[in-house]
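Visitor: Following this line is model_26.cif, made up of mmCIF, C-alpha atoms, pLDDT in the B column; chains and numbers go by the auth columns:
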data_model
loop_
_atom_site.group_PDB
_atom_site.id
_atom_site.type_symbol
_atom_site.label_atom_id
_atom_site.label_comp_id
_atom_site.label_asym_id
_atom_site.label_seq_id
_atom_site.Cartn_x
_atom_site.Cartn_y
_atom_site.Cartn_z
_atom_site.B_iso_or_equiv
_atom_site.auth_seq_id
_atom_site.auth_asym_id
ATOM 1 C CA MET A 1 -1.859 1.407 -82.240 63.00 1 A
ATOM 2 C CA THR A 2 -3.207 0.995 -78.737 74.00 2 A
ATOM 3 C CA ILE A 3 -2.059 2.936 -75.757 83.00 3 A
ATOM 4 C CA GLN A 4 -1.407 0.826 -72.699 83.00 4 A
ATOM 5 C CA PRO A 5 -1.728 2.210 -69.183 81.00 5 A
ATOM 6 C CA PRO A 6 1.474 2.470 -67.183 79.00 6 A
ATOM 7 C CA PRO A 7 2.369 -0.503 -65.012 78.00 7 A
ATOM 8 C CA SER A 8 0.987 -0.538 -61.519 82.00 8 A
ATOM 9 C CA ARG A 9 3.201 0.532 -58.685 83.00 9 A
ATOM 10 C CA TYR A 10 1.852 -2.210 -56.419 85.00 10 A
ATOM 11 C CA LYS A 11 1.454 -5.932 -56.899 87.00 11 A
ATOM 12 C CA VAL A 12 -0.412 -8.432 -54.768 87.00 12 A
ATOM 13 C CA VAL A 13 1.226 -11.742 -53.850 87.00 13 A
ATOM 14 C CA GLU A 14 0.086 -14.645 -51.716 88.00 14 A
ATOM 15 C CA ARG A 15 2.390 -15.682 -48.887 84.00 15 A
ATOM 16 C CA GLY A 16 1.335 -18.331 -46.431 85.00 16 A
ATOM 17 C CA ARG A 17 -2.374 -18.124 -47.294 83.00 17 A
ATOM 18 C CA ARG A 18 -2.275 -14.337 -46.876 84.00 18 A
ATOM 19 C CA LEU A 19 -2.337 -11.627 -49.476 85.00 19 A
ATOM 20 C CA GLU A 20 0.386 -9.015 -49.242 85.00 20 A
ATOM 21 C CA VAL A 21 0.802 -5.815 -51.215 85.00 21 A
ATOM 22 C CA ILE A 22 4.344 -5.201 -52.467 86.00 22 A
ATOM 23 C CA ASP A 23 5.549 -1.759 -53.571 85.00 23 A
ATOM 24 C CA THR A 24 7.415 -2.383 -56.843 85.00 24 A
ATOM 25 C CA ARG A 25 9.464 0.818 -56.544 85.00 25 A
ATOM 26 C CA THR A 26 10.962 0.034 -53.139 85.00 26 A
ATOM 27 C CA GLY A 27 10.508 -3.741 -53.122 81.00 27 A
ATOM 28 C CA GLU A 28 9.116 -3.572 -49.602 82.00 28 A
ATOM 29 C CA ARG A 29 5.774 -4.623 -48.258 81.00 29 A
ATOM 30 C CA ALA A 30 3.331 -1.736 -48.439 74.00 30 A
ATOM 31 C CA THR A 31 2.108 -0.377 -45.143 68.00 31 A
ATOM 32 C CA SER A 32 -1.257 -1.680 -44.083 62.00 32 A
ATOM 33 C CA HIS A 33 -4.243 0.568 -44.169 61.00 33 A
ATOM 34 C CA HIS A 34 -5.239 1.678 -40.709 59.00 34 A
ATOM 35 C CA ALA A 35 -8.932 2.033 -40.016 55.00 35 A
ATOM 36 C CA PRO A 36 -9.940 5.577 -39.116 55.00 36 A
ATOM 37 C CA PRO A 37 -10.734 6.246 -35.466 56.00 37 A
ATOM 38 C CA PRO A 38 -14.403 5.898 -34.584 56.00 38 A
ATOM 39 C CA LEU A 39 -16.284 9.121 -34.964 54.00 39 A
ATOM 40 C CA SER A 40 -18.960 10.263 -32.595 58.00 40 A
ATOM 41 C CA GLY A 41 -20.951 12.855 -34.462 55.00 41 A
ATOM 42 C CA GLY A 42 -17.936 14.395 -36.167 53.00 42 A
ATOM 43 C CA GLU A 43 -16.396 15.648 -32.938 54.00 43 A
ATOM 44 C CA SER A 44 -12.953 14.293 -33.713 55.00 44 A
ATOM 45 C CA LEU A 45 -12.968 15.746 -37.232 55.00 45 A
ATOM 46 C CA PHE A 46 -14.560 19.046 -36.295 57.00 46 A
ATOM 47 C CA PRO A 47 -13.850 19.940 -32.661 56.00 47 A
ATOM 48 C CA SER A 48 -15.526 23.314 -33.094 57.00 48 A
ATOM 49 C CA MET A 49 -18.844 21.516 -33.711 55.00 49 A
ATOM 50 C CA ARG A 50 -18.983 20.469 -30.059 53.00 50 A
ATOM 51 C CA ARG A 51 -19.790 23.981 -28.940 55.00 51 A
ATOM 52 C CA LEU A 52 -22.378 24.457 -31.727 54.00 52 A
ATOM 53 C CA ARG A 53 -24.392 21.367 -30.831 55.00 53 A
ATOM 54 C CA PRO A 54 -27.599 22.346 -29.026 57.00 54 A
ATOM 55 C CA SER A 55 -28.299 20.867 -25.655 57.00 55 A
ATOM 56 C CA PRO A 56 -30.857 18.053 -25.632 55.00 56 A
ATOM 57 C CA PRO A 57 -34.403 19.293 -25.110 53.00 57 A
ATOM 58 C CA ALA A 58 -36.030 18.890 -21.739 53.00 58 A
ATOM 59 C CA ALA A 59 -38.664 16.191 -21.441 49.00 59 A
ATOM 60 C CA GLY A 60 -42.078 17.189 -22.763 45.00 60 A
ATOM 61 C CA THR A 61 -40.999 20.379 -24.567 52.00 61 A
ATOM 62 C CA ALA A 62 -40.819 19.281 -28.203 55.00 62 A
ATOM 63 C CA GLY A 63 -41.719 16.465 -30.532 56.00 63 A
ATOM 64 C CA LEU A 64 -44.784 14.310 -30.924 54.00 64 A
ATOM 65 C CA ASP A 65 -45.028 13.439 -27.237 59.00 65 A
ATOM 66 C CA ALA A 66 -44.749 17.010 -25.988 70.00 66 A
ATOM 67 C CA ASP A 67 -47.051 18.489 -23.361 80.00 67 A
ATOM 68 C CA THR A 68 -47.111 21.938 -24.977 83.00 68 A
ATOM 69 C CA PHE A 69 -46.047 23.683 -28.140 81.00 69 A
ATOM 70 C CA VAL A 70 -45.350 27.321 -28.974 85.00 70 A
ATOM 71 C CA THR A 71 -46.931 28.815 -32.078 85.00 71 A
ATOM 72 C CA LYS A 72 -44.997 30.698 -34.771 86.00 72 A
ATOM 73 C CA SER A 73 -45.944 33.920 -36.519 86.00 73 A
ATOM 74 C CA PHE A 74 -45.944 32.077 -39.875 84.00 74 A
ATOM 75 C CA TYR A 75 -49.373 30.595 -39.124 83.00 75 A
ATOM 76 C CA ASP A 76 -50.546 32.442 -35.979 86.00 76 A
ATOM 77 C CA ALA A 77 -51.172 36.198 -35.899 86.00 77 A
ATOM 78 C CA ARG A 78 -50.974 36.228 -32.088 85.00 78 A
ATOM 79 C CA ALA A 79 -47.732 34.262 -31.829 78.00 79 A
ATOM 80 C CA PRO A 80 -45.949 33.245 -29.709 85.00 80 A
ATOM 81 C CA ARG A 81 -48.590 31.386 -27.709 85.00 81 A
ATOM 82 C CA THR A 82 -48.162 28.248 -25.656 85.00 82 A
ATOM 83 C CA ILE A 83 -50.774 25.615 -26.460 84.00 83 A
ATOM 84 C CA ARG A 84 -51.454 22.785 -24.015 84.00 84 A
ATOM 85 C CA ILE A 85 -51.584 19.372 -25.687 85.00 85 A
ATOM 86 C CA ASN A 86 -54.197 16.983 -24.334 84.00 86 A
ATOM 87 C CA ASP A 87 -55.995 14.075 -26.004 84.00 87 A
ATOM 88 C CA VAL A 88 -58.586 16.255 -27.760 84.00 88 A
ATOM 89 C CA THR A 89 -55.974 18.723 -29.021 85.00 89 A
ATOM 90 C CA ARG A 90 -53.705 15.907 -30.183 86.00 90 A
ATOM 91 C CA ARG A 91 -56.560 14.296 -32.173 87.00 91 A
ATOM 92 C CA ARG A 92 -57.394 17.646 -33.805 88.00 92 A
ATOM 93 C CA LEU A 93 -53.763 18.319 -34.718 86.00 93 A
ATOM 94 C CA ASP A 94 -53.369 14.768 -36.068 89.00 94 A
ATOM 95 C CA GLY A 95 -56.448 15.345 -38.219 91.00 95 A
ATOM 96 C CA VAL A 96 -55.007 18.594 -39.554 89.00 96 A
ATOM 97 C CA ARG A 97 -51.690 16.881 -40.280 91.00 97 A
ATOM 98 C CA PHE A 98 -53.436 13.975 -42.064 94.00 98 A
ATOM 99 C CA GLY A 99 -55.648 16.337 -44.060 94.00 99 A
ATOM 100 C CA GLY A 100 -52.654 18.471 -44.986 91.00 100 A
ATOM 101 C CA ALA A 101 -50.765 15.408 -46.216 95.00 101 A
ATOM 102 C CA ILE A 102 -53.711 14.404 -48.404 96.00 102 A
ATOM 103 C CA ILE A 103 -54.056 17.927 -49.812 90.00 103 A
ATOM 104 C CA ILE A 104 -50.334 18.082 -50.598 90.00 104 A
ATOM 105 C CA ALA A 105 -50.466 14.670 -52.311 93.00 105 A
ATOM 106 C CA LEU A 106 -53.455 15.776 -54.406 90.00 106 A
ATOM 107 C CA LEU A 107 -51.718 19.024 -55.335 83.00 107 A
ATOM 108 C CA VAL A 108 -48.589 17.147 -56.436 86.00 108 A
ATOM 109 C CA ALA A 109 -50.676 14.749 -58.546 88.00 109 A
ATOM 110 C CA PHE A 110 -52.585 17.715 -59.985 83.00 110 A
ATOM 111 C CA ALA A 111 -49.303 19.467 -60.778 81.00 111 A
ATOM 112 C CA PHE A 112 -48.008 16.422 -62.683 85.00 112 A
ATOM 113 C CA LEU A 113 -51.203 15.917 -64.641 85.00 113 A
ATOM 114 C CA PHE A 114 -52.092 19.531 -65.374 83.00 114 A
ATOM 115 C CA TRP A 115 -48.815 21.394 -64.929 79.00 115 A
ATOM 116 C CA PRO A 116 -49.815 24.620 -66.761 81.00 116 A
ATOM 117 C CA LEU A 117 -52.812 24.996 -64.458 81.00 117 A
ATOM 118 C CA ALA A 118 -50.619 24.163 -61.468 76.00 118 A
ATOM 119 C CA LEU A 119 -48.594 27.282 -62.172 78.00 119 A
ATOM 120 C CA GLY A 120 -51.805 29.303 -61.990 81.00 120 A
ATOM 121 C CA VAL A 121 -52.781 27.676 -58.690 77.00 121 A
ATOM 122 C CA PHE A 122 -49.304 28.393 -57.332 76.00 122 A
ATOM 123 C CA GLY A 123 -49.655 32.035 -58.338 80.00 123 A
ATOM 124 C CA PHE A 124 -53.132 32.131 -56.781 80.00 124 A
ATOM 125 C CA LEU A 125 -51.722 30.880 -53.467 77.00 125 A
ATOM 126 C CA LEU A 126 -49.021 33.562 -53.566 81.00 126 A
ATOM 127 C CA SER A 127 -51.513 36.421 -53.766 85.00 127 A
ATOM 128 C CA ASP A 128 -51.721 38.659 -50.703 86.00 128 A
ATOM 129 C CA LYS A 129 -55.471 38.309 -50.285 89.00 129 A
ATOM 130 C CA VAL A 130 -55.352 34.496 -50.234 86.00 130 A
ATOM 131 C CA ARG A 131 -52.375 34.459 -47.863 86.00 131 A
ATOM 132 C CA THR A 132 -54.102 36.813 -45.396 90.00 132 A
ATOM 133 C CA ARG A 133 -57.249 34.659 -45.451 90.00 133 A
ATOM 134 C CA LEU A 134 -55.260 31.468 -44.866 87.00 134 A
ATOM 135 C CA HIS A 135 -53.326 33.185 -42.068 89.00 135 A
ATOM 136 C CA ALA A 136 -56.568 34.348 -40.444 92.00 136 A
ATOM 137 C CA ALA A 137 -58.087 30.871 -40.748 90.00 137 A
ATOM 138 C CA SER A 138 -55.087 29.226 -39.125 88.00 138 A
ATOM 139 C CA THR A 139 -55.175 31.823 -36.319 89.00 139 A
ATOM 140 C CA ARG A 140 -58.870 31.046 -35.716 90.00 140 A
ATOM 141 C CA PHE A 141 -58.003 27.328 -35.587 88.00 141 A
ATOM 142 C CA VAL A 142 -55.260 27.948 -33.024 88.00 142 A
ATOM 143 C CA ASP A 143 -57.757 30.055 -30.997 86.00 143 A
ATOM 144 C CA THR A 144 -59.980 26.983 -30.650 86.00 144 A
ATOM 145 C CA LEU A 145 -57.164 24.915 -29.129 82.00 145 A
ATOM 146 C CA ASP A 146 -56.584 24.719 -25.384 65.00 146 A
ATOM 147 C CA GLN A 147 -54.537 27.660 -24.117 64.00 147 A
ATOM 148 C CA ALA A 148 -51.907 27.007 -21.425 55.00 148 A
ATOM 149 C CA ARG A 149 -52.017 29.602 -18.684 47.00 149 A
#
Take the structure in the file and give it back as structure tokens.
Guide:
Amino acid sequence: MTIQPPPSRYKVVERGRRLEVIDTRTGERATSHHAPPPLSGGESLFPSMRRLRPSPPAAGTAGLDADTFVTKSFYDARAPRTIRINDVTRRRLDGVRFGGAIIIALLVAFAFLFWPLALGVFGFLLSDKVRTRLHAASTRFVDTLDQAR
């Protein structure tokens, strides 16, 4: 014995080269689906979000084409400091970013190949002595960059 699903409430018929949806309960044509109004960043759905949206940054204050950047205490012991970005500083920071990406890729590959040892390396990096040395090294690196006065 098979169980059949209940009959559909709607049926589709062709009238004059157009498809129409008929409601079988009322016998009338089903109302057409209206497209939702265009959204601009969710403002119409969430009006309270308008006041939470930050103002756009001023030119040259953030991003890859910025003139300066402000250090954070996560990697700089003397934070906050404003560092002037010129061609030499940009090349040095690009080198650090490229080297960091390579190191992260190697660590991920190492973690997949030798995952028990990766847990030990992760624990090693969490130790206070290693973290203070890495923090001091990054502070020394920031000291070598051009300071904005």
Visitor: Contacts of A:Thr68 at 7 Å or less, counting all atoms listed in the file, minus same-chain residues fewer than 3 places along, as a PyMOL selection string?
Guide: chain A and resi 61+82-85
Visitor: Neighbouring residues of stretch 2-9 of chain A were defined as those with any atom within 7 Å, considering all atoms listed in the file; residues of the same chain fewer than 2 positions away were excluded. Please report them as a PyMOL selection string.
Guide: chain A and resi 11+23-25
Visitor: Calculate how many Å separate atom CA of A:Tyr10 from atom CA of A:Glu28, rounding to one decimal.
Guide: 10.1 Å
Visitor: Using all atoms of stretch 3-17 of chain A that appear in the file, construct an axis-aligned enclosing box with 8 Å of padding on every side and provide its centre coordinates and edge lengths in Å, rounded to one decimal, as lines of an AutoDock Vina configuration file.
Guide:
center_x = 0.4
center_y = -7.7
center_z = -61.1
size_x = 21.6
size_y = 37.3
size_z = 45.3
Visitor: I'd like the interatomic distance between atom CA of A:Tyr75 and atom CA of A:Ala137, to a tenth of an Å.
Guide: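 These atoms are spaced 8.9 Å apart.
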Visitor: Do you have the atom CA of A:Val121-atom CA of A:Arg133 distance handy?
Guide: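 These atoms are spaced 15.6 Å apart.
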Visitor: Pull out every residue that the PyMOL selection byres ((chain A and resi 87-89) around 12) matches in the shown coordinates and put them as a ChimeraX atom specification.
Guide: /A:65-69,83-86,90-96,141-148
